[in-house]
Amino acid sequence: MSSLLAVDAEIEWRRRQAAGTFGPKPDTEYQSNPIGWMVDRMGMREETLRWSLLPEYQNHRWDGTPDPLIAIADALVAGKDVGVESGTGTGKTRFGALIVQWYLAVYRDAITVTLAPKGDQLRLHIWKEIGRDWQKFSKRFPQAELLDLALRMRGDERDRQSWAAVGFPVGVEAGAESATKAQGFHADRLLFVFEETPGIPKPVMTAVENTCTGDNNQRLAFGNPDHQQDSLHEFCQNPGVVHVRMSAYDHPNVVTGRDVIPGAVTRKAILRRKLKYGVESRLYQSRVRGISPAEAADALIKLSWCTHAKGLQSAYRSDRHVRRALGVDVANSENGDLGAIARGAGRILEEVVAFPCPNANALGRQVVSEARSAEVDPEYVGIDGVGVGAGAVNEARDSGFWVQACNGGDKPDETADAEKFNNKRSQMYWQMRLDLEHADLALPEDDELIEDLTTPKWQTRNGKIIVESKEEIKKRIGRSPNKGDAAVYWNWVRNRDVPLVTKQKPQDMDLEQLAWLEQEGDLEPWNSSTDDGSAYHQIIND
């Protein structure tokens with residue numbers, strides 16, 4: 001008898017599922033009206049969502065996207081992907097939590113996946129807001145259940161995963177595994193919500209993009225922009241993505257001067273940052289106005305230096321008669337990392353070419369042939385000698401062509417400042433930084449090369465300059481910076497018998513980077529009364 005009852009229950013469950021009567025009834029009437037749902041179902045005051053309803057906005061000049069929360073909602077209703085670059089304290093996390101709940105409430109069998117670099121970030125931000133709303137949400141949907149990083153609409157039914165929201169940490173430390181898992185979500189109605197997007201590895205962003213194959217699969221990404229090479233800004237620039245910028249200048253608390261939304265940004269908070277950082281600083285522009293800086297605060301090489309270097313080809317045209325040089329980044333894979341060769345003379349880097357490199361030894365022979373044909377001396381040929389690169393170096397040297405092995409993991413070369421670096425990679429990259437900073441190098445028009453050069457980050461530890469490793473960069477951006485490495489090797493071995501350009505004064509340097517170094521105790525203050533103006537802050541040992 002019990003087996004017959006079980007069969008009957010199974011038949012009834014399948015019948016209800018097929019009939020669409022399985023679980024709670026969604027608020028389908030609000031599918032095109034998320035703001036109405038938030039007001040009617042969640043008790044939100046409309047003026048906290050549609051800011052322009054407040055009388056003080058009548059003559060307000062918008063700094064960012066007008067009524068940014070409405071712009072986000074309208075784009076999602078229209079089936080668009082949305083990228084939101086925001087100042088801090090503007091309410092993006094609160095609104096993201098409401099969007100997650102609205103999406104589940106109005107679409108049966110919808111799945112919403114919230115992603116952030118770390119689980120604690122999810123719990124402390126968007127899921128904390130979902131927890132605050134739980135009493136109101138569960139009153140409307142009593143069958144739902146709220147768990148750790150999960151909201152299930154069918155808490156008492158069998159198929160609880162087909163109509164739910166889940167939180168999913170996908171930080172750099174998760175590596176390729178998180179990208180693989182991100183591809184495991186599929187549904188007709190599927191919404192990915194990225195929180196703290198600048199910290200999400202680009203392979204994860206790519207995996208989610210490849211997962212969103214259905215017409216009703218969408219992405220919403222938001223965060224405080226770090227720089228123009230981060231995951232958020234690149235997502236915002238993708239074709240078809242609606243880009244929204246939330247500026248603290250536009251927030252109701254700031255426009256009205258009243259505490260319209262408790263706990264959000266205020267005029268006082270903006271003034272404090274203005275006095276501390278200055279309105280032109282990248283930190284102020286990012287954290288107050290939601291404007292993405294050209295590069296990260298801890299970027300080794302600034303985009304402005306590279307942009308300037310692209311215009312120096314004619315200025316250094318006489319260098320074309322100086323000895324030529326080659327820099328080589330080695331690969332050994334049919335379909336994996338690419339190899340790259342940088343070519344130039346004197347201070348002019350003419351081109352950097354990336355290509356499939358299935359055989360490192362064959363590349364070594366190719367480089368020797370090219371160098372001899374172009375009359376490039378072995379001392380001006382630098383080849384990455386780490387790992388598979390050792391084969392290319394050995395092949396070249398076995399033929400009697402004694403190239404320089406640019407082994408990043410080796411001790412720094414014996415120079416006057418060698419003790420400042422943790423290894424040779426940091427030393428070589430720092431030289432590239434100095435040459436670009438001092439306009440002592442001309443670069444070609446190559447966007448991928450510029451991205452490679454401006455991507456690495458740096459720090460100081462125990463008095464040593466440490467440049468981010470290639471492995472960490474690959475985790476962060478999803479590929480190897482082949483062109484950048486080849487250019488760095490070329491710059492390290494090139495002929496330097498040319499006059500140096502005058503160094504910058506400290507007031508021309510990046511103020512936030514200087515402030516960070518001063519906090520670390522690694523700066524020697526610049527003294528205008530004793531310095532001749534040609535020096536800049538020097539990194540010193542602890």
# chains A, B, ... in the order shown; residues from 1 in each chain; ligands from 1

$ select_by_dssp --residues "region 120-324 of chain A" --states "alpha helix (DSSP H)" --output "VMD selection string"
chain A and resid 120 to 124 126 to 132 134 to 140 175 to 182 202 to 211 231 to 236 252 to 256 267 to 277 282 to 289 303 to 309

$ residues_around --residues "Met432 (chain A)" --least-positions-apart "5" --cutoff "8 Å" --atoms "only C-alpha atoms" --output "ChimeraX atom specification"
/A:488,491-492

$ atom_distance --atom1 "CA of Ser292 (chain A)" --atom2 "CA of Asp452 (chain A)"
18.0 Å

$ residues_around --residues "region 304-317 of chain A" --least-positions-apart "4" --cutoff "7 Å" --atoms "only C-alpha atoms" --output "list in words"
Arg347, Ile348, Leu436, Glu437, Ala439, Leu441, Ala442, Leu443, Pro444, Glu445 and Ile450 of chain A

$ atom_distance --atom1 "CA of His125 (chain A)" --atom2 "CA of Leu149 (chain A)"
11.2 Å

$ closest_residue --among "A:Trp163, A:Arg94, A:Asn33, A:Gly409" --to "Gly131 (chain A)" --atoms "only C-alpha atoms"
A:Arg94

$ closest_residue --among "A:His321, A:Arg45, A:Arg108, A:His60" --to "Arg152 (chain A)" --atoms "only C-alpha atoms"
A:Arg108
